[in-house]
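Participant: Quick one: structure below, then a few questions.
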Amino acid sequence: MYIPPDTTIYVCNNVYIDNTYTNTLFFDTESAQRSFFASKRKYTLTDYTYQRQNNAIRVGIKSDNLWDCSYLAFQNTSFGSKWFYAFITNVEYVNNTTADIFFEIDVLQ
């Protein structure tokens, strides 16, 4: 069965929380949560294939352009409306136009 690539990914900067959960954010509604992270996106990636929660994603962005990014959000539209939120734990160079982003799911979000 063919599933069209329709995953949306937000790569965010200026999100000042981390995976120690020392500081975190709480929202009254899912809409407020989505709006906050959408306002922090540096890149919006669309039409990506299904994003698994396997801690890595390959993106068509130069690694040098991602060093100020610390958070991401993604939604696999073909499988529902849920947004997943994650801390960026590392960025690795793949080639001049591609990077691997390693992440850890934010269990509080």
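Just remember, in the structure tokens the first chain shown is A, the second B, etc., residues are 1-based per chain, and ligands are 1-based in the order shown.
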Mind running segment 84-103 of chain A against segment 46-70 of chain A at 7 Å and telling me each contacting residue's nearest atom pair with the distance in Å (one decimal), counting only C-alpha atoms, chain and number ascending, as a Markdown table?

Facilitator:
```
| residue | atom | partner | partner_atom | distance |
| --- | --- | --- | --- | --- |
| A:Phe87 | CA | A:Ser70 | CA | 6.1 |
| A:Ile88 | CA | A:Ser70 | CA | 4.9 |
| A:Val91 | CA | A:Ser63 | CA | 6.5 |
| A:Glu92 | CA | A:Ser63 | CA | 6.4 |
| A:Tyr93 | CA | A:Ser63 | CA | 5.3 |
| A:Asn96 | CA | A:Lys62 | CA | 6.0 |
| A:Thr97 | CA | A:Lys62 | CA | 4.7 |
| A:Thr98 | CA | A:Gly60 | CA | 4.5 |
| A:Ala99 | CA | A:Ser63 | CA | 5.1 |
| A:Asp100 | CA | A:Arg58 | CA | 4.4 |
| A:Ile101 | CA | A:Ile57 | CA | 5.3 |
| A:Phe102 | CA | A:Ala56 | CA | 4.3 |
| A:Phe103 | CA | A:Asn55 | CA | 4.8 |
```

Participant: Please write the residues from the selection above to a file, keeping C-alpha atoms, as a compact mmCIF listing (two decimals), in the first residue's frame.

Facilitator:
```
# COMPACT_ATOMS: atom_id res chain seq x y z
CA PHE A 87 14.86 17.61 21.98
CA ILE A 88 17.63 17.79 19.40
CA VAL A 91 23.52 17.25 14.46
CA GLU A 92 25.87 15.44 12.08
CA TYR A 93 27.16 16.43 8.67
CA ASN A 96 27.05 19.73 1.74
CA THR A 97 23.25 19.84 1.63
CA THR A 98 22.21 17.13 4.10
CA ALA A 99 22.42 16.58 7.85
CA ASP A 100 21.28 13.99 10.34
CA ILE A 101 19.39 15.33 13.35
CA PHE A 102 19.42 13.08 16.40
CA PHE A 103 16.60 13.59 18.87
```

Participant: Using only C-alpha atoms, which protein or nucleic acid residues come within 9 Å of Asp106 of chain A? Drop anything in the same chain fewer than 3 positions from it, and give the result as a count of residues only.

Facilitator: 8

Participant: Work out how far atom CA of Phe36 of chain A is from atom CA of Thr7 of chain A, in Å to one decimal.

Facilitator: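 Taking atom CA of Thr7 of chain A and atom CA of Phe36 of chain A, their separation equals 19.2 Å.
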
Participant: Using atom CA of Glu104 of chain A and atom CA of Met1 of chain A as the two end points, give the distance in Å to one decimal.

Facilitator: 29.3 Å

Participant: Looking only at the backbone, which of the residues in chain A does DSSP tag as strand (DSSP E), as an MDAnalysis selection string?

Facilitator: chainID A and resid 7:13 41:48 56:59 69:76 83:95 98:105

Participant: Atom CA of Phe79 of chain A and atom CA of Val94 of chain A are how many Å apart?

Facilitator: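 If I compute the distance from atom CA of Phe79 of chain A to atom CA of Val94 of chain A, I get 28.8 Å.
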
Participant: Which residues, written as a list in words, have at least one atom at most 12 Å from Phe27 of chain A, with only C-alpha atoms counted and residues fewer than 6 positions away on the same chain left out?

Facilitator: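 Once the nearby chain positions are removed, what remains is Gln33, Arg34, Ser35, Phe36, Phe37, Leu108 and Gln109 of chain A.
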
Participant: Which residue is closest to Thr24 of chain A? Choose from A:Thr8, A:Val107, A:Lys42, A:Gly80 and count only C-alpha atoms.

Facilitator: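 Ranking A:Thr8, A:Val107, A:Lys42, A:Gly80 by distance to Thr24 of chain A, first place goes to A:Val107.
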
Participant: I need the helix (DSSP H, G or I) residues of chain A per DSSP on the backbone, written as an mmCIF file with N, CA, C and O atoms, in the first residue's frame.

Facilitator:
```cif
data_model
loop_
_atom_site.group_PDB
_atom_site.id
_atom_site.type_symbol
_atom_site.label_atom_id
_atom_site.label_comp_id
_atom_site.auth_asym_id
_atom_site.auth_seq_id
_atom_site.Cartn_x
_atom_site.Cartn_y
_atom_site.Cartn_z
ATOM 1 N N GLU A 30 -3.829 22.008 23.601
ATOM 2 C CA GLU A 30 -2.970 21.527 22.517
ATOM 3 C C GLU A 30 -2.756 22.617 21.474
ATOM 4 O O GLU A 30 -1.686 22.715 20.881
ATOM 5 N N SER A 31 -3.755 23.428 21.263
ATOM 6 C CA SER A 31 -3.645 24.525 20.311
ATOM 7 C C SER A 31 -2.568 25.525 20.742
ATOM 8 O O SER A 31 -1.768 25.996 19.922
ATOM 9 N N ALA A 32 -2.527 25.843 22.021
ATOM 10 C CA ALA A 32 -1.504 26.761 22.538
ATOM 11 C C ALA A 32 -0.117 26.136 22.400
ATOM 12 O O ALA A 32 0.849 26.827 22.054
ATOM 13 N N GLN A 33 -0.029 24.849 22.648
ATOM 14 C CA GLN A 33 1.237 24.125 22.501
ATOM 15 C C GLN A 33 1.723 24.178 21.046
ATOM 16 O O GLN A 33 2.871 24.528 20.775
ATOM 17 N N ARG A 34 0.850 23.838 20.123
ATOM 18 C CA ARG A 34 1.197 23.871 18.696
ATOM 19 C C ARG A 34 1.605 25.267 18.255
ATOM 20 O O ARG A 34 2.583 25.444 17.538
ATOM 21 N N SER A 35 0.858 26.263 18.684
ATOM 22 C CA SER A 35 1.156 27.648 18.304
ATOM 23 C C SER A 35 2.517 28.091 18.819
ATOM 24 O O SER A 35 3.271 28.761 18.108
ATOM 25 N N PHE A 36 2.838 27.724 20.044
ATOM 26 C CA PHE A 36 4.132 28.109 20.608
ATOM 27 C C PHE A 36 5.275 27.531 19.788
ATOM 28 O O PHE A 36 6.185 28.252 19.381
ATOM 29 N N PHE A 37 5.236 26.228 19.537
ATOM 30 C CA PHE A 37 6.344 25.605 18.810
ATOM 31 C C PHE A 37 6.373 26.048 17.348
ATOM 32 O O PHE A 37 7.445 26.191 16.770
ATOM 33 N N ALA A 38 5.223 26.311 16.765
ATOM 34 C CA ALA A 38 5.199 26.831 15.396
ATOM 35 C C ALA A 38 5.854 28.210 15.337
ATOM 36 O O ALA A 38 6.535 28.540 14.363
ATOM 37 N N SER A 39 5.719 28.983 16.386
ATOM 38 C CA SER A 39 6.320 30.318 16.408
ATOM 39 C C SER A 39 7.837 30.258 16.574
ATOM 40 O O SER A 39 8.529 31.237 16.302
ATOM 41 N N SER A 63 24.309 21.184 7.742
ATOM 42 C CA SER A 63 24.479 21.004 9.192
ATOM 43 C C SER A 63 24.864 22.304 9.889
ATOM 44 O O SER A 63 24.430 22.558 11.013
ATOM 45 N N ASP A 64 25.656 23.151 9.230
ATOM 46 C CA ASP A 64 26.052 24.425 9.846
ATOM 47 C C ASP A 64 24.859 25.326 10.133
ATOM 48 O O ASP A 64 24.932 26.182 11.009
ATOM 49 N N ASN A 65 23.763 25.146 9.420
ATOM 50 C CA ASN A 65 22.576 25.965 9.633
ATOM 51 C C ASN A 65 21.691 25.461 10.772
ATOM 52 O O ASN A 65 20.676 26.073 11.086
ATOM 53 N N LEU A 66 22.080 24.340 11.377
ATOM 54 C CA LEU A 66 21.253 23.732 12.418
ATOM 55 C C LEU A 66 21.833 23.858 13.823
ATOM 56 O O LEU A 66 21.195 23.461 14.785
ATOM 57 N N THR A 77 0.865 13.024 9.139
ATOM 58 C CA THR A 77 -0.516 13.336 8.802
ATOM 59 C C THR A 77 -1.322 12.120 8.351
ATOM 60 O O THR A 77 -2.499 12.001 8.677
ATOM 61 N N SER A 78 -0.713 11.203 7.619
ATOM 62 C CA SER A 78 -1.443 10.023 7.142
ATOM 63 C C SER A 78 -1.912 9.125 8.277
ATOM 64 O O SER A 78 -2.777 8.277 8.086
ATOM 65 N N PHE A 79 -1.337 9.303 9.457
ATOM 66 C CA PHE A 79 -1.650 8.419 10.569
ATOM 67 C C PHE A 79 -2.309 9.134 11.736
ATOM 68 O O PHE A 79 -2.373 8.618 12.837
#
```

Participant: I'd like the neighbourhood of Tyr43 of chain A as a list of chain:residue names, where a residue qualifies if any of its atoms comes within 9 Å (using only C-alpha atoms), though same-chain residues fewer than 2 positions away should be ignored.

Facilitator: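 Listed by chain and then number, they are A:Ile9, A:Tyr10, A:Val11, A:Cys12, A:Arg41, A:Leu45, A:Ile61.
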